[in-house]
Amino acid sequence: MHSLLTFPKGGVHPPESKAHTASLAIERMPAPDELEIILGQHIGSPCSPMVKKRDVVTEGAVIGDVAKGLGAPLHSPVAGTVKDIGLSAHPLRGKAPSITITVDHAAAPASYQPHPWQGLSAADLLAKVRDAGVVGIGGAGFPTHVKLKPPVDAKIDTLLLNGAECEPYITADHRQMLEHPGEIIEGAKIILKILGIHTCRIGIENNKPDAILAMTDAAQAGSTADDSLSVRGLQVKYPQGSEKQLIQALVGRKVPSMALPSAVGVVVQNVSTALAIYEAVALNKPLCGKVITISGGGVARPANLLVKVGTRIGDIVRRLGGVKPELAKIVMGGPMMGFAVSSLDVPVTKTTSSVLFLTAEEIDSRPHSQCIRCGWCLDACPMGLEPKEIGLYVEANRAGDTAQFGVFDCFECGSCAYVCPAKRPLVQFVRLAKMKAKR
């Protein structure tokens with residue numbers, strides 16, 4: 001094993017809290033009676049409905065698409081009937097346009113059989129990724145077919161697969177790497193062919209030695225005279241899985257301010273996205289299921305669940321035996337970058353990584369105070385920004401002047417807020433500043 005790699009600046013070490021679910025195999029959750037499928041599950045324009053009320057749909061049928069602009073299609077995860085085209089609860093927007101489908105439990109599940117893809121052209125492979133509605137599973141949902149078509153002047157030479165999964169509690173990628181390493185490597189090889197390159201490096205944090213072993217074996221088996229795939233162990237440090245930090249750790253290149261990874265010859269994909277690419281290309285299977293971690297001291301039974309996109313949190317809770325009286329907060333996503341939700345009616349999307357049911361002991365609800373200018377947030381920021389200044393300017397109603405402190409380079413990892421002894425809501429200040437600040 002090589003020495004462990006990491007990024008050079010900042011980072012924090014929150015309690016991992018992964019032991020609750022790291023050893024739990026992925027469990028397939030049966031479809032509930034209804035699904036609410038949000039039309040905007042990716043960066044870009046939300047899908048327009050391709051169905052109408054009372055339409056009968058089959059599993060895998062296209063129910064939403066984007067005619068022009070950035071986007072990816074939506075597919076029905078089940079056979080059923082369109083009950084409504086309206087609004088559903090959303091963790092950020094309150095309400096969002098959606099399609100509600102009543103599930104036909106009597107319908108036979110769709111069958112997907114592998115078939116060879118090696119004879120297909122890069123353009124054909126890219127079209128399959130797009131048609132399957134694949135988006136970035138590990139992040140904000142950037143349409144994958146767009147990411148796999150970098151600017152023509154970009155000299156891409158390396159694919160990086162992100163298996164860091166550095167957020168506390170979450171073990172969904174960990175389980176995917178343990179249970180489907182061969183398919184992930186096959187997905188990586190499909191990406192290599194699309195990009196016309198031959199080098200893939202897979203970064204996995206060292207707190208997942210079983211995943212490192214499984215993926216190393218699969219990478220060695222999948223490597224050929226043409227394609228080189230290798231696994232590198234990463235130091236356990238948050239936010240190791242952030243795109244720019246992963247690039248620095250694995251290939252030692254620094255992405256310039258406001259630039260994309262393609263500017264330094266790299267494309268980054270999450271390991272679970274690589275698995276979705278394999279399923280899209282080799283199985284003709286659209287992305288309409290999601291492995292998510294359910295954890296925290298406030299849920300009766302933690303689990304790694306494969307759920308249908310559109311499954312409500314409430315249905316998941318009932319499946320797992322309900323919540324405990326000690327439940328204090330529900331968070332969609334990880335504790336560092338996730339969003340608190342106030343309703344069990346919020347449905348799972350393609351980018352949902354986890355739902356955490358946290359007790360009072362697992363959260364810090366103390367009120368924040370004034371900045372004491374200790375500088376801890378400057379030390380913790382992996383981008384070398386000035387979070388304290390952004391917060392102070394926002395409080396002074398000068399959010400429009402925060403670009404000078406790098407507000408647009410912030411990816412809202414929460415390291416600054418985590419270390420702040422005054423418990424200041426620095427990430428919320430940043431979000432407010434981005435809304436108001438103009439370049």
# chains A, B, ... in the order shown; residues from 1 in each chain; ligands from 1
call {"tool": "closest_atom_pairs", "arguments": {"of": "range 253-305 of chain A", "to": "range 361-381 of chain A", "cutoff": "10 Å", "atoms": "only C-alpha atoms", "output": "tab-separated table"}}
result
residue	atom	partner	partner_atom	distance
A:Gly296	CA	A:Glu362	CA	7.9
A:Gly297	CA	A:Glu362	CA	7.8
A:Gly298	CA	A:Glu362	CA	9.5
call {"tool": "write_last_selection", "arguments": {"atoms": "C-alpha atoms", "output": "short mmCIF file (atom, residue, chain, number, x, y, z; two decimals), in the first residue's frame"}}
result
data_model
loop_
_atom_site.label_atom_id
_atom_site.label_comp_id
_atom_site.auth_asym_id
_atom_site.auth_seq_id
_atom_site.Cartn_x
_atom_site.Cartn_y
_atom_site.Cartn_z
CA GLY A 296 -28.87 8.26 13.75
CA GLY A 297 -29.99 7.55 17.28
CA GLY A 298 -33.56 8.65 16.56
#
call {"tool": "select_by_dssp", "arguments": {"residues": "range 188-397 of chain A", "states": "alpha helix (DSSP H)", "output": "NGL selection string"}}
result
:A and (188-195 or 209-222 or 243-251 or 271-282 or 313-319 or 376-380 or 387-395)
call {"tool": "write_last_selection", "arguments": {"atoms": "C-alpha atoms", "output": "PDB file, in the first residue's frame"}}
result
ATOM      1  CA  ALA A 188     -15.105   3.160 -15.020  1.00  0.00           C
ATOM      2  CA  LYS A 189     -13.994   1.399 -18.197  1.00  0.00           C
ATOM      3  CA  ILE A 190     -17.088   2.680 -20.007  1.00  0.00           C
ATOM      4  CA  ILE A 191     -16.180   6.212 -18.895  1.00  0.00           C
ATOM      5  CA  LEU A 192     -12.594   5.731 -20.097  1.00  0.00           C
ATOM      6  CA  LYS A 193     -13.883   4.747 -23.537  1.00  0.00           C
ATOM      7  CA  ILE A 194     -16.260   7.718 -23.672  1.00  0.00           C
ATOM      8  CA  LEU A 195     -13.416  10.103 -22.768  1.00  0.00           C
ATOM      9  CA  PRO A 209     -10.088  -1.113   4.394  1.00  0.00           C
ATOM     10  CA  ASP A 210     -12.528  -3.787   3.209  1.00  0.00           C
ATOM     11  CA  ALA A 211     -13.672  -1.528   0.353  1.00  0.00           C
ATOM     12  CA  ILE A 212     -10.048  -0.734  -0.546  1.00  0.00           C
ATOM     13  CA  LEU A 213      -9.333  -4.452  -0.761  1.00  0.00           C
ATOM     14  CA  ALA A 214     -12.438  -5.280  -2.802  1.00  0.00           C
ATOM     15  CA  MET A 215     -11.926  -2.400  -5.218  1.00  0.00           C
ATOM     16  CA  THR A 216      -8.186  -3.121  -5.559  1.00  0.00           C
ATOM     17  CA  ASP A 217      -8.930  -6.713  -6.565  1.00  0.00           C
ATOM     18  CA  ALA A 218     -11.572  -5.555  -9.063  1.00  0.00           C
ATOM     19  CA  ALA A 219      -9.309  -2.826 -10.467  1.00  0.00           C
ATOM     20  CA  GLN A 220      -6.462  -5.287 -11.007  1.00  0.00           C
ATOM     21  CA  ALA A 221      -8.839  -7.746 -12.699  1.00  0.00           C
ATOM     22  CA  GLY A 222     -10.228  -4.966 -14.917  1.00  0.00           C
ATOM     23  CA  GLU A 243     -13.893  17.371  -6.109  1.00  0.00           C
ATOM     24  CA  LYS A 244     -11.077  19.896  -5.923  1.00  0.00           C
ATOM     25  CA  GLN A 245      -9.616  18.382  -2.752  1.00  0.00           C
ATOM     26  CA  LEU A 246      -9.731  14.880  -4.262  1.00  0.00           C
ATOM     27  CA  ILE A 247      -7.880  16.098  -7.355  1.00  0.00           C
ATOM     28  CA  GLN A 248      -5.165  17.651  -5.205  1.00  0.00           C
ATOM     29  CA  ALA A 249      -4.835  14.466  -3.168  1.00  0.00           C
ATOM     30  CA  LEU A 250      -4.777  11.972  -6.047  1.00  0.00           C
ATOM     31  CA  VAL A 251      -2.922  13.782  -8.835  1.00  0.00           C
ATOM     32  CA  VAL A 271     -18.216   5.389  -7.465  1.00  0.00           C
ATOM     33  CA  SER A 272     -21.998   4.975  -7.279  1.00  0.00           C
ATOM     34  CA  THR A 273     -22.380   7.109 -10.412  1.00  0.00           C
ATOM     35  CA  ALA A 274     -19.945   4.745 -12.164  1.00  0.00           C
ATOM     36  CA  LEU A 275     -22.212   1.860 -11.119  1.00  0.00           C
ATOM     37  CA  ALA A 276     -25.237   3.717 -12.531  1.00  0.00           C
ATOM     38  CA  ILE A 277     -23.295   4.230 -15.788  1.00  0.00           C
ATOM     39  CA  TYR A 278     -22.595   0.489 -15.961  1.00  0.00           C
ATOM     40  CA  GLU A 279     -26.300  -0.262 -15.458  1.00  0.00           C
ATOM     41  CA  ALA A 280     -27.313   2.335 -18.058  1.00  0.00           C
ATOM     42  CA  VAL A 281     -24.947   1.024 -20.724  1.00  0.00           C
ATOM     43  CA  ALA A 282     -24.680  -2.719 -20.051  1.00  0.00           C
ATOM     44  CA  ILE A 313     -39.287   9.577   4.180  1.00  0.00           C
ATOM     45  CA  GLY A 314     -42.425   8.549   6.067  1.00  0.00           C
ATOM     46  CA  ASP A 315     -42.642   5.264   4.150  1.00  0.00           C
ATOM     47  CA  ILE A 316     -38.975   4.564   4.967  1.00  0.00           C
ATOM     48  CA  VAL A 317     -39.613   5.278   8.657  1.00  0.00           C
ATOM     49  CA  ARG A 318     -42.542   2.852   8.724  1.00  0.00           C
ATOM     50  CA  ARG A 319     -40.412   0.201   7.015  1.00  0.00           C
ATOM     51  CA  TRP A 376     -10.162  28.848  13.478  1.00  0.00           C
ATOM     52  CA  CYS A 377     -12.427  29.047  10.419  1.00  0.00           C
ATOM     53  CA  LEU A 378      -9.522  30.306   8.309  1.00  0.00           C
ATOM     54  CA  ASP A 379      -7.405  27.334   9.390  1.00  0.00           C
ATOM     55  CA  ALA A 380     -10.234  24.861   8.687  1.00  0.00           C
ATOM     56  CA  PRO A 387     -15.526  32.692   6.253  1.00  0.00           C
ATOM     57  CA  LYS A 388     -15.511  35.048   9.237  1.00  0.00           C
ATOM     58  CA  GLU A 389     -15.348  38.110   6.990  1.00  0.00           C
ATOM     59  CA  ILE A 390     -18.195  36.814   4.815  1.00  0.00           C
ATOM     60  CA  GLY A 391     -20.326  36.380   7.946  1.00  0.00           C
ATOM     61  CA  LEU A 392     -19.479  39.809   9.302  1.00  0.00           C
ATOM     62  CA  TYR A 393     -20.271  41.493   5.980  1.00  0.00           C
ATOM     63  CA  VAL A 394     -23.609  39.671   5.710  1.00  0.00           C
ATOM     64  CA  GLU A 395     -24.535  40.792   9.224  1.00  0.00           C
TER      65      GLU A 395
END
call {"tool": "select_by_dssp", "arguments": {"residues": "range 165-267 of chain A", "states": "strand (DSSP E)", "output": "PDB file with N, CA and C atoms, in the first residue's frame"}}
result
ATOM      1  N   THR A 199      -6.422   6.019 -18.112  1.00  0.00           N
ATOM      2  CA  THR A 199      -5.964   5.991 -16.719  1.00  0.00           C
ATOM      3  C   THR A 199      -7.096   6.345 -15.775  1.00  0.00           C
ATOM      4  N   CYS A 200      -7.324   5.485 -14.788  1.00  0.00           N
ATOM      5  CA  CYS A 200      -8.339   5.739 -13.759  1.00  0.00           C
ATOM      6  C   CYS A 200      -7.721   5.500 -12.387  1.00  0.00           C
ATOM      7  N   ARG A 201      -7.872   6.471 -11.499  1.00  0.00           N
ATOM      8  CA  ARG A 201      -7.457   6.319 -10.108  1.00  0.00           C
ATOM      9  C   ARG A 201      -8.684   6.421  -9.221  1.00  0.00           C
ATOM     10  N   ILE A 202      -8.750   5.538  -8.238  1.00  0.00           N
ATOM     11  CA  ILE A 202      -9.903   5.463  -7.349  1.00  0.00           C
ATOM     12  C   ILE A 202      -9.439   5.813  -5.944  1.00  0.00           C
ATOM     13  N   GLY A 203      -9.999   6.863  -5.372  1.00  0.00           N
ATOM     14  CA  GLY A 203      -9.607   7.298  -4.029  1.00  0.00           C
ATOM     15  C   GLY A 203     -10.618   6.848  -2.991  1.00  0.00           C
ATOM     16  N   ILE A 204     -10.140   6.145  -1.964  1.00  0.00           N
ATOM     17  CA  ILE A 204     -11.010   5.633  -0.899  1.00  0.00           C
ATOM     18  C   ILE A 204     -10.362   5.964   0.445  1.00  0.00           C
ATOM     19  N   GLU A 205     -11.143   6.541   1.367  1.00  0.00           N
ATOM     20  CA  GLU A 205     -10.585   6.854   2.681  1.00  0.00           C
ATOM     21  C   GLU A 205     -10.193   5.582   3.421  1.00  0.00           C
ATOM     22  N   SER A 228      -5.378   1.326 -17.395  1.00  0.00           N
ATOM     23  CA  SER A 228      -4.772   1.168 -16.080  1.00  0.00           C
ATOM     24  C   SER A 228      -5.718   1.709 -15.026  1.00  0.00           C
ATOM     25  N   LEU A 229      -6.180   0.834 -14.121  1.00  0.00           N
ATOM     26  CA  LEU A 229      -7.058   1.237 -13.029  1.00  0.00           C
ATOM     27  C   LEU A 229      -6.390   0.883 -11.710  1.00  0.00           C
ATOM     28  N   SER A 230      -6.336   1.836 -10.778  1.00  0.00           N
ATOM     29  CA  SER A 230      -5.655   1.600  -9.506  1.00  0.00           C
ATOM     30  C   SER A 230      -6.393   2.299  -8.376  1.00  0.00           C
ATOM     31  N   VAL A 231      -6.210   1.777  -7.166  1.00  0.00           N
ATOM     32  CA  VAL A 231      -6.845   2.312  -5.964  1.00  0.00           C
ATOM     33  C   VAL A 231      -5.784   2.951  -5.084  1.00  0.00           C
ATOM     34  N   ARG A 232      -6.096   4.125  -4.538  1.00  0.00           N
ATOM     35  CA  ARG A 232      -5.192   4.790  -3.607  1.00  0.00           C
ATOM     36  C   ARG A 232      -5.922   5.067  -2.297  1.00  0.00           C
ATOM     37  N   GLY A 233      -5.254   4.754  -1.184  1.00  0.00           N
ATOM     38  CA  GLY A 233      -5.818   5.041   0.125  1.00  0.00           C
ATOM     39  C   GLY A 233      -5.674   6.523   0.464  1.00  0.00           C
ATOM     40  N   LEU A 234      -6.718   7.102   1.036  1.00  0.00           N
ATOM     41  CA  LEU A 234      -6.724   8.515   1.409  1.00  0.00           C
ATOM     42  C   LEU A 234      -6.773   8.655   2.922  1.00  0.00           C
ATOM     43  N   VAL A 266      -8.683  16.526 -15.803  1.00  0.00           N
ATOM     44  CA  VAL A 266      -9.278  15.482 -14.963  1.00  0.00           C
ATOM     45  C   VAL A 266     -10.799  15.502 -15.077  1.00  0.00           C
ATOM     46  N   VAL A 267     -11.411  14.322 -15.048  1.00  0.00           N
ATOM     47  CA  VAL A 267     -12.858  14.179 -14.857  1.00  0.00           C
ATOM     48  C   VAL A 267     -13.064  13.357 -13.590  1.00  0.00           C
TER      49      VAL A 267
END
call {"tool": "residues_around", "arguments": {"residues": "range 100-113 of chain A", "least_positions_apart": "4", "cutoff": "12 Å", "atoms": "only C-alpha atoms", "output": "PyMOL selection string"}}
result
chain A and resi 30-39+49+51-61+63+75-89+278-286+308-312+347
call {"tool": "write_last_selection", "arguments": {"atoms": "C-alpha atoms", "output": "tab-separated table (two decimals), in the first residue's frame"}}
result
chain	number	residue	atom	x	y	z
A	30	PRO	CA	-40.34	-2.82	-1.65
A	31	ALA	CA	-42.12	-0.03	-3.46
A	32	PRO	CA	-44.67	1.80	-1.28
A	33	ASP	CA	-48.21	2.42	-2.49
A	34	GLU	CA	-47.32	5.84	-3.93
A	35	LEU	CA	-44.25	7.63	-5.24
A	36	GLU	CA	-43.77	11.40	-5.56
A	37	ILE	CA	-41.14	12.06	-8.22
A	38	ILE	CA	-39.70	15.59	-8.12
A	39	LEU	CA	-39.29	17.02	-11.65
A	49	PRO	CA	-43.94	16.14	-17.60
A	51	VAL	CA	-47.34	12.10	-19.03
A	52	LYS	CA	-50.71	13.37	-17.86
A	53	LYS	CA	-53.06	12.54	-15.03
A	54	ARG	CA	-54.55	9.01	-15.18
A	55	ASP	CA	-51.94	7.77	-17.69
A	56	VAL	CA	-50.81	4.18	-17.13
A	57	VAL	CA	-47.01	3.88	-17.07
A	58	THR	CA	-44.64	0.92	-17.16
A	59	GLU	CA	-41.49	0.56	-15.08
A	60	GLY	CA	-38.65	2.46	-16.75
A	61	ALA	CA	-40.92	4.60	-18.96
A	63	ILE	CA	-42.18	10.48	-17.52
A	75	HIS	CA	-38.21	7.53	-15.56
A	76	SER	CA	-40.97	5.82	-13.66
A	77	PRO	CA	-39.43	3.53	-11.02
A	78	VAL	CA	-42.56	1.36	-11.07
A	79	ALA	CA	-45.54	0.27	-13.12
A	80	GLY	CA	-48.60	2.22	-12.11
A	81	THR	CA	-50.96	5.09	-12.80
A	82	VAL	CA	-50.28	8.83	-12.75
A	83	LYS	CA	-52.36	10.09	-9.84
A	84	ASP	CA	-51.40	13.75	-10.01
A	85	ILE	CA	-49.07	16.30	-11.55
A	86	GLY	CA	-48.69	18.94	-8.89
A	87	LEU	CA	-46.41	19.90	-6.01
A	88	SER	CA	-44.50	17.83	-3.45
A	89	ALA	CA	-42.55	18.70	-0.32
A	278	TYR	CA	-22.60	0.49	-15.96
A	279	GLU	CA	-26.30	-0.26	-15.46
A	280	ALA	CA	-27.31	2.34	-18.06
A	281	VAL	CA	-24.95	1.02	-20.72
A	282	ALA	CA	-24.68	-2.72	-20.05
A	283	LEU	CA	-28.21	-3.32	-18.77
A	284	ASN	CA	-30.21	-0.51	-20.45
A	285	LYS	CA	-31.43	0.26	-16.93
A	286	PRO	CA	-32.49	3.84	-16.13
A	308	LYS	CA	-37.30	3.73	-5.46
A	309	VAL	CA	-36.77	7.40	-6.32
A	310	GLY	CA	-39.88	9.20	-5.08
A	311	THR	CA	-40.24	7.17	-1.87
A	312	ARG	CA	-41.34	9.43	0.98
A	347	PRO	CA	-39.48	12.24	-1.18
call {"tool": "closest_atom_pairs", "arguments": {"of": "range 219-287 of chain A", "to": "range 325-341 of chain A", "cutoff": "12 Å", "atoms": "only C-alpha atoms", "output": "CSV"}}
result
residue,atom,partner,partner_atom,distance
A:Tyr238,CA,A:Met336,CA,9.3
A:Pro239,CA,A:Met336,CA,9.3
A:Ser242,CA,A:Met337,CA,11.3
call {"tool": "atom_distance", "arguments": {"atom1": "CA of Gly11 in chain A", "atom2": "CA of Ala164 in chain A"}}
result
13.8 Å
call {"tool": "closest_residue", "arguments": {"among": "A:Lys324, A:Lys436, A:Arg398, A:Lys18", "to": "Tyr169 in chain A", "atoms": "only C-alpha atoms"}}
result
A:Lys18
call {"tool": "atom_distance", "arguments": {"atom1": "CA of Cys410 in chain A", "atom2": "CA of Pro382 in chain A"}}
result
9.2 Å
call {"tool": "atom_distance", "arguments": {"atom1": "CA of Lys254 in chain A", "atom2": "CA of Ile43 in chain A"}}
result
24.0 Å
call {"tool": "closest_residue", "arguments": {"among": "A:Gly40, A:Pro15, A:Gly10, A:Gly321", "to": "Lys95 in chain A", "atoms": "only C-alpha atoms"}}
result
A:Gly40
call {"tool": "closest_residue", "arguments": {"among": "A:Leu178, A:Met383, A:Val264, A:Ala72", "to": "Asp153 in chain A", "atoms": "only C-alpha atoms"}}
result
A:Val264
call {"tool": "residues_around", "arguments": {"residues": "Met50 in chain A", "least_positions_apart": "2", "cutoff": "9 Å", "atoms": "only C-alpha atoms", "output": "list of chain:residue names"}}
result
A:Cys47, A:Ser48, A:Lys52, A:Val62, A:Ile63, A:Gly64, A:Asp65
call {"tool": "residues_around", "arguments": {"residues": "Gly138 in chain A", "least_positions_apart": "5", "cutoff": "9 Å", "atoms": "only C-alpha atoms", "output": "compact mmCIF listing (two decimals) with C-alpha atoms, in the first residue's frame"}}
result
# COMPACT_ATOMS: atom_id res chain seq x y z
CA ASN A 162 -14.51 9.25 -5.71
CA GLU A 165 -17.44 9.15 1.37
CA ASP A 173 -20.93 4.21 -1.30
CA GLN A 269 -17.13 10.72 -10.91
CA ASN A 270 -18.56 9.19 -7.76
CA VAL A 271 -18.22 5.39 -7.46
CA SER A 272 -22.00 4.97 -7.28
CA THR A 273 -22.38 7.11 -10.41
CA THR A 351 -29.07 12.76 -5.21
CA THR A 352 -30.29 11.77 -1.73
CA SER A 353 -27.36 10.09 0.01
call {"tool": "decode", "arguments": {"residues": "range 303-326 of chain A", "atoms": "N, CA and C atoms", "output": "mmCIF file, in the first residue's frame"}}
result
data_model
loop_
_atom_site.group_PDB
_atom_site.id
_atom_site.type_symbol
_atom_site.label_atom_id
_atom_site.label_comp_id
_atom_site.auth_asym_id
_atom_site.auth_seq_id
_atom_site.Cartn_x
_atom_site.Cartn_y
_atom_site.Cartn_z
ATOM 1 N N ALA A 303 -30.135 1.384 8.569
ATOM 2 C CA ALA A 303 -30.049 0.485 7.415
ATOM 3 C C ALA A 303 -29.395 1.202 6.247
ATOM 4 N N ASN A 304 -28.874 0.407 5.311
ATOM 5 C CA ASN A 304 -28.537 0.889 3.968
ATOM 6 C C ASN A 304 -29.622 0.348 3.043
ATOM 7 N N LEU A 305 -30.440 1.231 2.510
ATOM 8 C CA LEU A 305 -31.623 0.814 1.764
ATOM 9 C C LEU A 305 -31.498 1.169 0.286
ATOM 10 N N LEU A 306 -31.901 0.242 -0.580
ATOM 11 C CA LEU A 306 -32.109 0.554 -1.990
ATOM 12 C C LEU A 306 -33.588 0.869 -2.140
ATOM 13 N N VAL A 307 -33.890 2.139 -2.397
ATOM 14 C CA VAL A 307 -35.291 2.577 -2.473
ATOM 15 C C VAL A 307 -35.586 3.116 -3.865
ATOM 16 N N LYS A 308 -36.858 3.112 -4.219
ATOM 17 C CA LYS A 308 -37.298 3.730 -5.461
ATOM 18 C C LYS A 308 -37.228 5.248 -5.309
ATOM 19 N N VAL A 309 -36.717 5.937 -6.321
ATOM 20 C CA VAL A 309 -36.770 7.400 -6.325
ATOM 21 C C VAL A 309 -38.234 7.827 -6.205
ATOM 22 N N GLY A 310 -38.507 8.764 -5.322
ATOM 23 C CA GLY A 310 -39.881 9.197 -5.085
ATOM 24 C C GLY A 310 -40.493 8.628 -3.824
ATOM 25 N N THR A 311 -39.764 7.723 -3.146
ATOM 26 C CA THR A 311 -40.238 7.165 -1.874
ATOM 27 C C THR A 311 -40.207 8.245 -0.797
ATOM 28 N N ARG A 312 -41.291 8.425 -0.080
ATOM 29 C CA ARG A 312 -41.336 9.430 0.977
ATOM 30 C C ARG A 312 -40.570 8.949 2.213
ATOM 31 N N ILE A 313 -39.996 9.904 2.942
ATOM 32 C CA ILE A 313 -39.287 9.577 4.180
ATOM 33 C C ILE A 313 -40.214 8.819 5.131
ATOM 34 N N GLY A 314 -41.466 9.209 5.176
ATOM 35 C CA GLY A 314 -42.425 8.549 6.067
ATOM 36 C C GLY A 314 -42.564 7.064 5.781
ATOM 37 N N ASP A 315 -42.549 6.683 4.507
ATOM 38 C CA ASP A 315 -42.642 5.264 4.150
ATOM 39 C C ASP A 315 -41.389 4.511 4.599
ATOM 40 N N ILE A 316 -40.230 5.174 4.504
ATOM 41 C CA ILE A 316 -38.975 4.564 4.967
ATOM 42 C C ILE A 316 -39.026 4.355 6.481
ATOM 43 N N VAL A 317 -39.514 5.371 7.193
ATOM 44 C CA VAL A 317 -39.613 5.278 8.657
ATOM 45 C C VAL A 317 -40.507 4.107 9.061
ATOM 46 N N ARG A 318 -41.638 3.959 8.396
ATOM 47 C CA ARG A 318 -42.542 2.852 8.724
ATOM 48 C C ARG A 318 -41.878 1.509 8.441
ATOM 49 N N ARG A 319 -41.112 1.437 7.357
ATOM 50 C CA ARG A 319 -40.412 0.201 7.015
ATOM 51 C C ARG A 319 -39.425 -0.200 8.109
ATOM 52 N N LEU A 320 -38.813 0.788 8.745
ATOM 53 C CA LEU A 320 -37.752 0.529 9.712
ATOM 54 C C LEU A 320 -38.234 0.575 11.160
ATOM 55 N N GLY A 321 -39.528 0.576 11.361
ATOM 56 C CA GLY A 321 -40.044 0.458 12.724
ATOM 57 C C GLY A 321 -40.316 1.756 13.447
ATOM 58 N N GLY A 322 -40.288 2.877 12.720
ATOM 59 C CA GLY A 322 -40.641 4.153 13.321
ATOM 60 C C GLY A 322 -39.459 4.895 13.928
ATOM 61 N N VAL A 323 -39.753 6.035 14.530
ATOM 62 C CA VAL A 323 -38.717 6.853 15.161
ATOM 63 C C VAL A 323 -38.826 6.723 16.673
ATOM 64 N N LYS A 324 -37.747 7.102 17.355
ATOM 65 C CA LYS A 324 -37.703 7.035 18.811
ATOM 66 C C LYS A 324 -38.147 8.372 19.419
ATOM 67 N N PRO A 325 -38.593 8.350 20.656
ATOM 68 C CA PRO A 325 -39.013 9.605 21.312
ATOM 69 C C PRO A 325 -37.893 10.637 21.393
ATOM 70 N N GLU A 326 -36.636 10.167 21.399
ATOM 71 C CA GLU A 326 -35.511 11.099 21.541
ATOM 72 C C GLU A 326 -35.207 11.879 20.261
#
